[in-house]
$ cat my_file07.txt   # compact mmCIF, C-alpha atoms
# COMPACT_ATOMS: atom_id res chain seq x y z
CA MET A 995 20.37 15.12 40.94
CA SER A 996 18.60 14.33 44.23
CA ASP A 997 16.38 11.29 44.65
CA SER A 998 13.32 13.52 44.93
CA ASN A 999 14.16 15.33 41.68
CA THR A 1000 14.81 12.04 39.92
CA PHE A 1001 11.43 10.72 41.07
CA LEU A 1002 9.72 13.91 39.93
CA PHE A 1003 11.40 13.67 36.53
CA LEU A 1004 10.17 10.11 36.08
CA ILE A 1005 6.63 11.04 37.06
CA VAL A 1006 6.59 13.92 34.58
CA GLY A 1007 7.91 11.61 31.85
CA ILE A 1008 5.27 8.98 32.55
CA LEU A 1009 2.48 11.56 32.55
CA ALA A 1010 3.74 13.05 29.27
CA SER A 1011 3.87 9.59 27.69
CA GLN A 1012 0.34 8.82 28.86
CA ALA A 1013 -0.89 12.15 27.51
CA MET A 1014 0.72 11.42 24.15
CA SER A 1015 -0.88 7.96 24.06
CA ARG A 1016 -4.27 9.48 24.80
CA THR A 1017 -3.75 12.06 22.07
CA VAL A 1018 -2.91 9.38 19.49
CA HIS A 1019 -5.82 7.22 20.63
CA GLU A 1020 -8.28 10.12 20.53
CA SER A 1021 -6.98 11.17 17.13
CA ALA A 1022 -7.55 7.62 15.84
CA ILE A 1023 -11.10 7.65 17.27
CA ASP A 1024 -11.89 10.94 15.50
CA GLU A 1025 -10.30 9.73 12.27
CA HIS A 1026 -12.26 6.46 12.39
CA GLU A 1027 -15.58 8.25 12.90
CA GLN A 1028 -14.86 10.55 9.93
CA TRP A 1029 -13.70 7.57 7.89
CA MET A 1030 -16.95 5.69 8.64
CA VAL A 1031 -19.00 8.64 7.40
CA LYS A 1032 -16.89 9.05 4.27
CA HIS A 1033 -17.18 5.40 3.28
CA GLY A 1034 -20.71 4.77 4.57
CA ARG A 1035 -19.41 2.08 6.88
CA THR A 1036 -21.70 0.72 9.60
CA TYR A 1037 -21.18 -2.19 11.99
CA LYS A 1038 -23.74 -4.66 13.30
CA ASP A 1039 -22.96 -4.07 16.98
CA ARG A 1040 -20.52 -2.52 19.42
CA ALA A 1041 -18.31 -5.59 19.49
CA GLU A 1042 -17.87 -5.47 15.72
CA LYS A 1043 -17.12 -1.75 15.83
CA ASP A 1044 -14.51 -2.26 18.54
CA LYS A 1045 -12.90 -5.02 16.50
CA ARG A 1046 -12.81 -2.88 13.37
CA PHE A 1047 -11.53 0.16 15.26
CA LYS A 1048 -8.62 -1.85 16.61
CA ILE A 1049 -7.64 -2.87 13.06
CA PHE A 1050 -8.14 0.69 11.81
CA LYS A 1051 -6.06 2.16 14.65
CA GLU A 1052 -3.15 -0.17 13.92
CA ASN A 1053 -3.20 0.90 10.26
CA PHE A 1054 -3.68 4.56 11.18
CA GLU A 1055 -0.63 4.52 13.43
CA TYR A 1056 1.43 2.56 10.91
CA VAL A 1057 0.65 4.97 8.06
CA HIS A 1058 1.42 8.07 10.11
CA SER A 1059 4.62 6.58 11.49
CA PHE A 1060 5.82 5.71 7.97
CA ASN A 1061 5.00 9.12 6.52
CA ASN A 1062 6.53 11.00 9.45
CA ALA A 1063 9.77 9.05 9.07
CA GLY A 1064 10.33 10.64 5.66
CA ASN A 1065 13.23 9.74 3.36
CA THR A 1066 11.04 7.71 0.99
CA SER A 1067 9.90 8.25 -2.57
CA TYR A 1068 6.25 7.44 -1.80
CA LYS A 1069 3.54 8.15 0.73
CA LEU A 1070 0.86 6.03 2.36
CA SER A 1071 -2.69 6.93 3.36
CA ILE A 1072 -5.62 5.50 5.26
CA ASN A 1073 -8.21 4.32 2.75
CA LYS A 1074 -11.34 2.22 2.32
CA HIS A 1075 -9.39 -0.98 3.11
CA SER A 1076 -8.13 0.16 6.49
CA ASP A 1077 -10.55 -1.73 8.75
CA LEU A 1078 -10.03 -5.11 7.03
CA THR A 1079 -7.86 -7.91 8.32
CA HIS A 1080 -5.05 -9.11 6.08
CA ASP A 1081 -7.02 -12.20 5.00
CA GLU A 1082 -10.20 -10.21 4.32
CA PHE A 1083 -8.29 -7.75 2.19
CA VAL A 1084 -6.56 -10.47 0.16
CA ALA A 1085 -9.84 -12.31 -0.46
CA ALA A 1086 -11.75 -9.20 -1.54
CA ARG A 1087 -9.17 -7.15 -3.39
CA THR A 1088 -6.76 -9.54 -5.09
CA GLY A 1089 -7.55 -12.90 -6.76
CA ASP A 1090 -4.74 -13.68 -9.20
CA ILE A 1091 -4.04 -17.41 -9.01
CA ASN A 1092 -0.77 -18.56 -10.55
CA PRO A 1093 1.39 -21.67 -10.47
CA SER A 1094 4.67 -21.51 -8.58
CA ASN A 1095 7.06 -18.67 -9.29
CA ASN A 1096 9.54 -21.07 -10.88
CA VAL A 1097 8.72 -19.77 -14.34
CA THR A 1098 10.97 -20.74 -17.22
CA SER A 1099 11.06 -19.61 -20.81
CA THR A 1100 8.58 -21.29 -23.12
CA GLU A 1101 8.49 -21.90 -26.85
CA MET A 1102 5.73 -19.27 -27.25
CA SER A 1103 6.75 -16.50 -29.61
CA PHE A 1104 7.55 -12.99 -28.39
CA ARG A 1105 6.86 -10.64 -31.27
CA TYR A 1106 8.72 -7.72 -29.72
CA ALA A 1107 12.03 -9.51 -29.16
CA GLU A 1108 13.87 -7.35 -31.71
CA PHE A 1109 12.05 -4.12 -30.96
CA ALA A 1110 14.61 -1.37 -30.33
CA GLN A 1111 12.76 1.96 -30.59
CA ILE A 1112 12.04 2.26 -26.89
CA PRO A 1113 11.04 5.80 -25.85
CA SER A 1114 12.31 7.40 -22.66
CA SER A 1115 8.74 7.54 -21.39
CA LEU A 1116 5.30 6.43 -22.51
CA ASP A 1117 1.75 6.81 -21.23
CA TRP A 1118 -0.91 4.86 -23.10
CA ARG A 1119 -3.59 7.01 -21.43
CA THR A 1120 -2.50 10.02 -23.48
CA GLU A 1121 -2.53 7.81 -26.59
CA GLY A 1122 -6.22 7.06 -26.00
CA ALA A 1123 -5.75 3.36 -25.28
CA VAL A 1124 -6.84 3.24 -21.61
CA THR A 1125 -10.38 3.40 -20.23
CA ALA A 1126 -11.22 4.93 -16.85
CA VAL A 1127 -10.05 3.09 -13.73
CA LYS A 1128 -12.66 0.55 -12.65
CA ASN A 1129 -13.43 -1.10 -9.31
CA GLN A 1130 -13.63 -4.84 -8.65
CA HIS A 1131 -15.13 -4.10 -5.20
CA ASN A 1132 -15.33 -7.11 -2.86
CA CYS A 1133 -14.81 -9.72 -5.56
CA GLY A 1134 -11.45 -11.40 -6.14
CA CYS A 1135 -11.53 -10.99 -9.91
CA CYS A 1136 -8.56 -8.71 -10.59
CA TRP A 1137 -7.56 -11.27 -13.23
CA ALA A 1138 -10.65 -10.35 -15.29
CA PHE A 1139 -10.16 -6.59 -14.92
CA ALA A 1140 -6.50 -6.73 -15.90
CA ALA A 1141 -7.12 -8.97 -18.94
CA VAL A 1142 -9.99 -6.76 -20.10
CA ALA A 1143 -7.90 -3.59 -19.68
CA ALA A 1144 -5.16 -5.07 -21.86
CA THR A 1145 -7.75 -6.15 -24.43
CA GLU A 1146 -9.24 -2.65 -24.48
CA GLY A 1147 -5.78 -1.25 -25.15
CA ALA A 1148 -4.87 -3.71 -27.89
CA THR A 1149 -8.21 -3.13 -29.61
CA GLN A 1150 -7.85 0.65 -29.52
CA ILE A 1151 -4.31 0.53 -30.90
CA LYS A 1152 -5.53 -1.60 -33.81
CA THR A 1153 -8.87 0.13 -34.54
CA GLN A 1154 -8.36 3.64 -33.05
CA ASN A 1155 -11.64 3.05 -31.21
CA LEU A 1156 -11.62 2.82 -27.40
CA VAL A 1157 -14.53 0.84 -25.96
CA SER A 1158 -15.02 -0.13 -22.33
CA LEU A 1159 -15.38 -3.92 -22.39
CA SER A 1160 -17.19 -6.32 -20.06
CA GLU A 1161 -15.39 -7.81 -17.06
CA GLN A 1162 -18.69 -9.40 -16.04
CA GLN A 1163 -18.72 -11.46 -19.22
CA VAL A 1164 -15.28 -12.86 -18.42
CA LEU A 1165 -16.28 -13.43 -14.79
CA ASP A 1166 -19.48 -15.29 -15.72
CA CYS A 1167 -18.42 -17.15 -18.84
CA SER A 1168 -14.74 -18.11 -18.41
CA ASP A 1169 -14.80 -21.80 -17.50
CA ASN A 1170 -11.28 -22.26 -16.17
CA ASN A 1171 -11.48 -19.66 -13.42
CA ASP A 1172 -13.12 -19.54 -10.00
CA GLY A 1173 -15.02 -16.29 -10.26
CA CYS A 1174 -14.71 -14.02 -7.23
CA ASN A 1175 -12.52 -16.63 -5.56
CA GLY A 1176 -9.73 -16.05 -8.05
CA GLY A 1177 -8.60 -16.79 -11.57
CA ASN A 1178 -5.82 -16.38 -14.08
CA LYS A 1179 -5.20 -13.85 -16.85
CA ILE A 1180 -4.13 -16.55 -19.31
CA SER A 1181 -7.42 -18.40 -18.88
CA ALA A 1182 -9.21 -15.08 -19.39
CA PHE A 1183 -7.35 -14.48 -22.66
CA GLN A 1184 -8.09 -18.05 -23.76
CA TYR A 1185 -11.80 -17.50 -23.15
CA ILE A 1186 -11.82 -14.21 -25.08
CA VAL A 1187 -10.12 -15.92 -28.05
CA GLN A 1188 -12.47 -18.93 -27.96
CA ASN A 1189 -15.54 -16.67 -27.75
CA SER A 1190 -14.31 -14.56 -30.67
CA GLY A 1191 -14.22 -11.46 -28.51
CA LEU A 1192 -15.97 -9.45 -25.83
CA THR A 1193 -19.10 -7.36 -25.62
CA SER A 1194 -19.20 -3.86 -24.16
CA GLU A 1195 -19.46 -3.00 -20.49
CA ASP A 1196 -22.68 -1.12 -21.25
CA ASN A 1197 -24.22 -4.28 -22.69
CA TYR A 1198 -23.00 -6.61 -19.92
CA PRO A 1199 -22.33 -4.41 -16.84
CA TYR A 1200 -20.35 -5.40 -13.77
CA GLN A 1201 -22.37 -6.85 -10.84
CA GLN A 1202 -19.63 -7.43 -8.22
CA THR A 1203 -20.44 -11.16 -8.10
CA GLN A 1204 -20.29 -14.14 -10.45
CA GLY A 1205 -23.50 -15.10 -12.19
CA ALA A 1206 -24.69 -17.42 -14.94
CA CYS A 1207 -23.21 -16.70 -18.35
CA ASP A 1208 -25.60 -14.64 -20.49
CA MET A 1209 -25.25 -16.42 -23.81
CA GLN A 1210 -27.05 -13.72 -25.79
CA LYS A 1211 -24.88 -10.90 -24.43
CA GLN A 1212 -21.61 -12.79 -24.85
CA ALA A 1213 -22.46 -13.27 -28.53
CA SER A 1214 -22.60 -9.49 -29.12
CA GLN A 1215 -18.88 -8.96 -29.58
CA VAL A 1216 -17.50 -5.47 -30.10
CA ALA A 1217 -13.79 -6.31 -29.70
CA VAL A 1218 -11.77 -9.30 -30.89
CA ILE A 1219 -8.34 -10.72 -30.10
CA SER A 1220 -6.70 -13.45 -32.11
CA SER A 1221 -4.37 -14.85 -29.45
CA TYR A 1222 -2.06 -13.87 -26.61
CA GLU A 1223 1.67 -14.00 -25.90
CA LYS A 1224 3.85 -14.10 -22.82
CA VAL A 1225 6.77 -11.80 -22.22
CA PRO A 1226 9.94 -13.80 -21.47
CA PRO A 1227 9.93 -14.23 -17.69
CA ASN A 1228 12.12 -12.30 -15.28
CA SER A 1229 13.17 -9.65 -17.79
CA GLU A 1230 12.24 -6.01 -17.34
CA GLN A 1231 14.20 -5.35 -20.53
CA ASP A 1232 11.73 -7.46 -22.50
CA LEU A 1233 8.77 -6.08 -20.57
CA VAL A 1234 9.61 -2.52 -21.60
CA LYS A 1235 9.73 -3.67 -25.23
CA ALA A 1236 6.20 -5.05 -24.91
CA VAL A 1237 4.80 -2.03 -23.04
CA SER A 1238 6.30 0.23 -25.70
CA ASN A 1239 3.81 -1.40 -28.07
CA GLN A 1240 0.73 -2.02 -25.93
CA PRO A 1241 -0.58 -2.33 -22.34
CA VAL A 1242 0.56 -5.56 -20.65
CA VAL A 1243 -0.89 -7.59 -17.77
CA VAL A 1244 1.47 -8.42 -14.90
CA SER A 1245 1.06 -10.34 -11.66
CA ILE A 1246 2.30 -8.77 -8.44
CA GLU A 1247 2.27 -9.32 -4.70
CA ALA A 1248 -0.19 -6.68 -3.48
CA SER A 1249 -1.10 -7.90 0.00
CA GLY A 1250 1.48 -5.99 2.06
CA PRO A 1251 0.56 -2.91 4.11
CA HIS A 1252 2.57 -0.54 1.91
CA PHE A 1253 0.87 -1.50 -1.35
CA ARG A 1254 -2.50 -1.69 0.38
CA HIS A 1255 -2.15 1.90 1.66
CA TYR A 1256 -0.19 3.42 -1.24
CA LYS A 1257 -1.12 7.03 -1.90
CA SER A 1258 1.44 8.71 -4.15
CA GLY A 1259 5.01 8.80 -5.42
CA VAL A 1260 7.20 6.08 -6.88
CA PHE A 1261 6.60 2.87 -4.94
CA THR A 1262 9.93 1.21 -4.18
CA GLY A 1263 8.64 -1.69 -2.10
CA ASN A 1264 8.03 -3.27 0.81
CA CYS A 1265 6.71 -6.31 -0.98
CA GLY A 1266 7.65 -9.86 -1.85
CA THR A 1267 7.21 -11.88 -5.03
CA GLN A 1268 4.41 -14.28 -4.04
CA THR A 1269 2.11 -12.89 -6.71
CA ASN A 1270 -1.61 -12.66 -5.93
CA HIS A 1271 -2.93 -9.65 -7.86
CA ALA A 1272 -3.20 -8.89 -11.58
CA VAL A 1273 -2.80 -5.33 -12.85
CA THR A 1274 -2.09 -3.67 -16.19
CA VAL A 1275 1.09 -1.79 -17.05
CA VAL A 1276 0.10 1.16 -19.24
CA GLY A 1277 3.34 3.08 -19.43
CA PHE A 1278 6.72 3.92 -17.95
CA GLY A 1279 8.99 6.86 -17.27
CA THR A 1280 11.41 8.46 -14.83
CA SER A 1281 10.42 10.61 -11.87
CA ASP A 1282 11.74 14.10 -11.20
CA ASP A 1283 14.14 12.66 -8.64
CA GLY A 1284 15.54 10.14 -11.13
CA ILE A 1285 13.69 6.91 -10.27
CA ASP A 1286 12.63 4.78 -13.23
CA TYR A 1287 9.03 3.57 -12.86
CA TRP A 1288 6.24 1.54 -14.39
CA LEU A 1289 2.82 3.21 -14.69
CA VAL A 1290 0.30 0.63 -13.46
CA LYS A 1291 -3.50 0.66 -13.70
CA ASN A 1292 -5.20 -1.00 -10.72
CA SER A 1293 -8.83 -2.09 -10.26
CA TRP A 1294 -9.57 -0.62 -6.82
CA GLY A 1295 -11.37 2.50 -8.00
CA VAL A 1296 -10.14 6.10 -7.91
CA GLU A 1297 -11.64 7.42 -4.69
CA ASP A 1298 -8.83 7.08 -2.18
CA TRP A 1299 -6.18 4.63 -3.36
CA GLY A 1300 -3.11 5.63 -5.30
CA GLU A 1301 -2.71 8.39 -7.84
CA ASP A 1302 -6.31 8.41 -9.09
CA GLY A 1303 -6.31 4.60 -9.10
CA TYR A 1304 -2.80 4.22 -10.57
CA ILE A 1305 0.52 3.37 -8.97
CA ARG A 1306 4.02 4.16 -10.16
CA MET A 1307 6.23 1.17 -9.33
CA GLN A 1308 10.02 1.24 -9.43
CA ARG A 1309 11.49 -0.07 -12.69
CA ASN A 1310 14.92 -1.57 -13.38
CA VAL A 1311 15.42 -3.07 -9.94
CA ALA A 1312 18.22 -5.49 -9.04
CA ASP A 1313 15.93 -8.50 -8.70
CA PRO A 1314 15.23 -9.98 -12.17
CA GLN A 1315 11.71 -10.84 -10.99
CA GLY A 1316 10.95 -7.13 -10.76
CA LEU A 1317 9.46 -5.17 -7.91
CA CYS A 1318 6.71 -7.21 -6.22
CA GLY A 1319 7.31 -9.92 -8.86
CA LEU A 1320 5.90 -7.90 -11.76
CA ALA A 1321 8.38 -9.32 -14.29
CA ILE A 1322 7.74 -12.98 -13.45
CA ARG A 1323 4.84 -13.68 -15.81
CA PRO A 1324 3.69 -10.74 -17.97
CA ALA A 1325 1.29 -11.41 -20.86
CA TYR A 1326 -0.63 -9.47 -23.47
CA PRO A 1327 -3.37 -10.11 -26.04
CA THR A 1328 -2.81 -9.87 -29.77
CA ALA A 1329 -5.56 -8.12 -31.69
$ encode --input "my_file07.txt" --output "structure tokens"
Amino acid sequence: MSDSNTFLFLIVGILASQAMSRTVHESAIDEHEQWMVKHGRTYKDRAEKDKRFKIFKENFEYVHSFNNAGNTSYKLSINKHSDLTHDEFVAARTGDINPSNNVTSTEMSFRYAEFAQIPSSLDWRTEGAVTAVKNQHNCGCCWAFAAVAATEGATQIKTQNLVSLSEQQVLDCSDNNDGCNGGNKISAFQYIVQNSGLTSEDNYPYQQTQGACDMQKQASQVAVISSYEKVPPNSEQDLVKAVSNQPVVVSIEASGPHFRHYKSGVFTGNCGTQTNHAVTVVGFGTSDDGIDYWLVKNSWGVEDWGEDGYIRMQRNVADPQGLCGLAIRPAYPTA
């Protein structure tokens, strides 16, 4: 090839690359404008919009690159979290505070230790023990939502009556937690036991912020638990025994870009085990392509995250801590 042809080839390549970059950039601009309309997002000035667009564009490109690569059991999607920084997302959408991950077995009883009638699949939604997916919004109180969801399930299984219970009561009245700045499912269970139960969500609705405890409303209990138990740590085999009997709260690491932008399929990770988010396992099964999974109820709403607000997370992984650490410290209420 002559020098002139080589030069021409390079110029054409550079121009094609620039055109592709412009196409991706323009596509991200269009997508961001549509996304702003969809989510009612406005920014205080041009500088803030430019900052948020840069974050959005990085996530937009990441999601499309992942999905286009194929060969995975799950898909990602841009969603309402896509213009937040990592720290903003963690502060607003997680909130599970736990001690170190060096969890050892305790003397607490595990009532399902000898349970052997484990079904091949189970969905507590179809059994009537799961309320609609809720939304913690920009308040780091996943711990309250997960504990309440498990309490709703335990109560329904005992009474055959499903009632949506009050996360706001737990958020306002639980002394050993830090409200929207984080808390712990065990402290939530302890509060529910000490208060002799919870009132309904209708009576004490969610406000997206911590307030003063309404003593009159917290005294109007409609659901009661007697105690709580912990599943033996780092054992998916014991966790499936517990979930076979009732919904169970687990702690997971949910701050990575894959979990944050999960859309559908069986999630097989990209996540660690530094747990920071509480969710509720409400079932399990095996996908059509043979991947065992946990069915997990989240508290990020249903609009544009996950499978209508749920995620299927890979089950029976090699790490005893479970995918994203979900087997490290499960717990459940006893009704």
$ atom_distance --input "my_file07.txt" --atom1 "CA of Gln1130 in chain A" --atom2 "CA of Gly1089 in chain A"
10.3 Å
$ residues_around --input "my_file07.txt" --residues "Ser1220 in chain A" --least-positions-apart "4" --cutoff "12 Å" --atoms "all atoms listed in the file" --output "list in words"
Thr1145, Ala1148, Thr1149, Phe1183, Gln1184, Tyr1185, Ile1186, Val1187, Gln1188, Asn1189, Ser1190, Gly1191, Leu1192, Tyr1326, Pro1327, Thr1328 and Ala1329 of chain A
$ residues_near_point --input "my_file07.txt" --point "(-13.1, -13.0, -0.2)" --cutoff "12 Å" --atoms "all atoms listed in the file" --output "MDAnalysis selection string"
chainID A and resid 1078:1089 1130:1135 1172:1176 1202:1203
$ closest_residue --input "my_file07.txt" --among "A:Asp1208, A:Glu1297, A:Asp1117, A:Glu1146" --to "His1033 in chain A" --atoms "all atoms listed in the file"
A:Glu1297
$ residues_around --input "my_file07.txt" --residues "Val1057 in chain A" --least-positions-apart "3" --cutoff "10 Å" --atoms "all atoms listed in the file" --output "PDB file with C-alpha atoms, in the frame of the given file"
ATOM      1  CA  LYS A1051      -6.060   2.160  14.650  1.00  0.00           C
ATOM      2  CA  GLU A1052      -3.150  -0.170  13.920  1.00  0.00           C
ATOM      3  CA  ASN A1053      -3.200   0.900  10.260  1.00  0.00           C
ATOM      4  CA  PHE A1054      -3.680   4.560  11.180  1.00  0.00           C
ATOM      5  CA  PHE A1060       5.820   5.710   7.970  1.00  0.00           C
ATOM      6  CA  ASN A1061       5.000   9.120   6.520  1.00  0.00           C
ATOM      7  CA  ASN A1062       6.530  11.000   9.450  1.00  0.00           C
ATOM      8  CA  LYS A1069       3.540   8.150   0.730  1.00  0.00           C
ATOM      9  CA  LEU A1070       0.860   6.030   2.360  1.00  0.00           C
ATOM     10  CA  SER A1071      -2.690   6.930   3.360  1.00  0.00           C
ATOM     11  CA  ILE A1072      -5.620   5.500   5.260  1.00  0.00           C
ATOM     12  CA  PRO A1251       0.560  -2.910   4.110  1.00  0.00           C
ATOM     13  CA  HIS A1252       2.570  -0.540   1.910  1.00  0.00           C
ATOM     14  CA  HIS A1255      -2.150   1.900   1.660  1.00  0.00           C
ATOM     15  CA  TYR A1256      -0.190   3.420  -1.240  1.00  0.00           C
TER      16      TYR A1256
END
$ closest_residue --input "my_file07.txt" --among "A:Met1307, A:Val1296, A:Met1209, A:Ala1236" --to "Thr1280 in chain A" --atoms "all atoms listed in the file"
A:Met1307
$ residues_around --input "my_file07.txt" --residues "Asp1196 in chain A" --least-positions-apart "3" --cutoff "10 Å" --atoms "only C-alpha atoms" --output "number ranges by chain"
A: 1157-1160, 1193, 1199-1200
$ write_last_selection --input "my_file07.txt" --atoms "C-alpha atoms" --output "tab-separated table (two decimals), keeping the file's coordinate frame"
chain	number	residue	atom	x	y	z
A	1157	VAL	CA	-14.53	0.84	-25.96
A	1158	SER	CA	-15.02	-0.13	-22.33
A	1159	LEU	CA	-15.38	-3.92	-22.39
A	1160	SER	CA	-17.19	-6.32	-20.06
A	1193	THR	CA	-19.10	-7.36	-25.62
A	1199	PRO	CA	-22.33	-4.41	-16.84
A	1200	TYR	CA	-20.35	-5.40	-13.77
$ atom_distance --input "my_file07.txt" --atom1 "CA of Tyr1222 in chain A" --atom2 "CA of Val1142 in chain A"
12.5 Å
$ atom_distance --input "my_file07.txt" --atom1 "CA of Gln1162 in chain A" --atom2 "CA of Tyr1198 in chain A"
6.4 Å
$ residues_around --input "my_file07.txt" --residues "Ile1023 in chain A" --least-positions-apart "5" --cutoff "12 Å" --atoms "all atoms listed in the file" --output "list in words"
Arg1016, Thr1017, Val1018, Gln1028, Trp1029, Met1030, Lys1043, Asp1044, Arg1046, Phe1047, Lys1048, Ile1049, Phe1050, Lys1051, Glu1052, Phe1054 and Glu1055 of chain A
$ residues_near_point --input "my_file07.txt" --point "(-3.2, 8.8, -4.7)" --cutoff "6 Å" --atoms "only C-alpha atoms" --output "JSON list (two decimals) with C-alpha atoms, in the frame of the given file"
[["chain", "number", "residue", "atom", "x", "y", "z"],
["A", 1257, "LYS", "CA", -1.12, 7.03, -1.90],
["A", 1258, "SER", "CA", 1.44, 8.71, -4.15],
["A", 1299, "TRP", "CA", -6.18, 4.63, -3.36],
["A", 1300, "GLY", "CA", -3.11, 5.63, -5.30],
["A", 1301, "GLU", "CA", -2.71, 8.39, -7.84],
["A", 1302, "ASP", "CA", -6.31, 8.41, -9.09]]
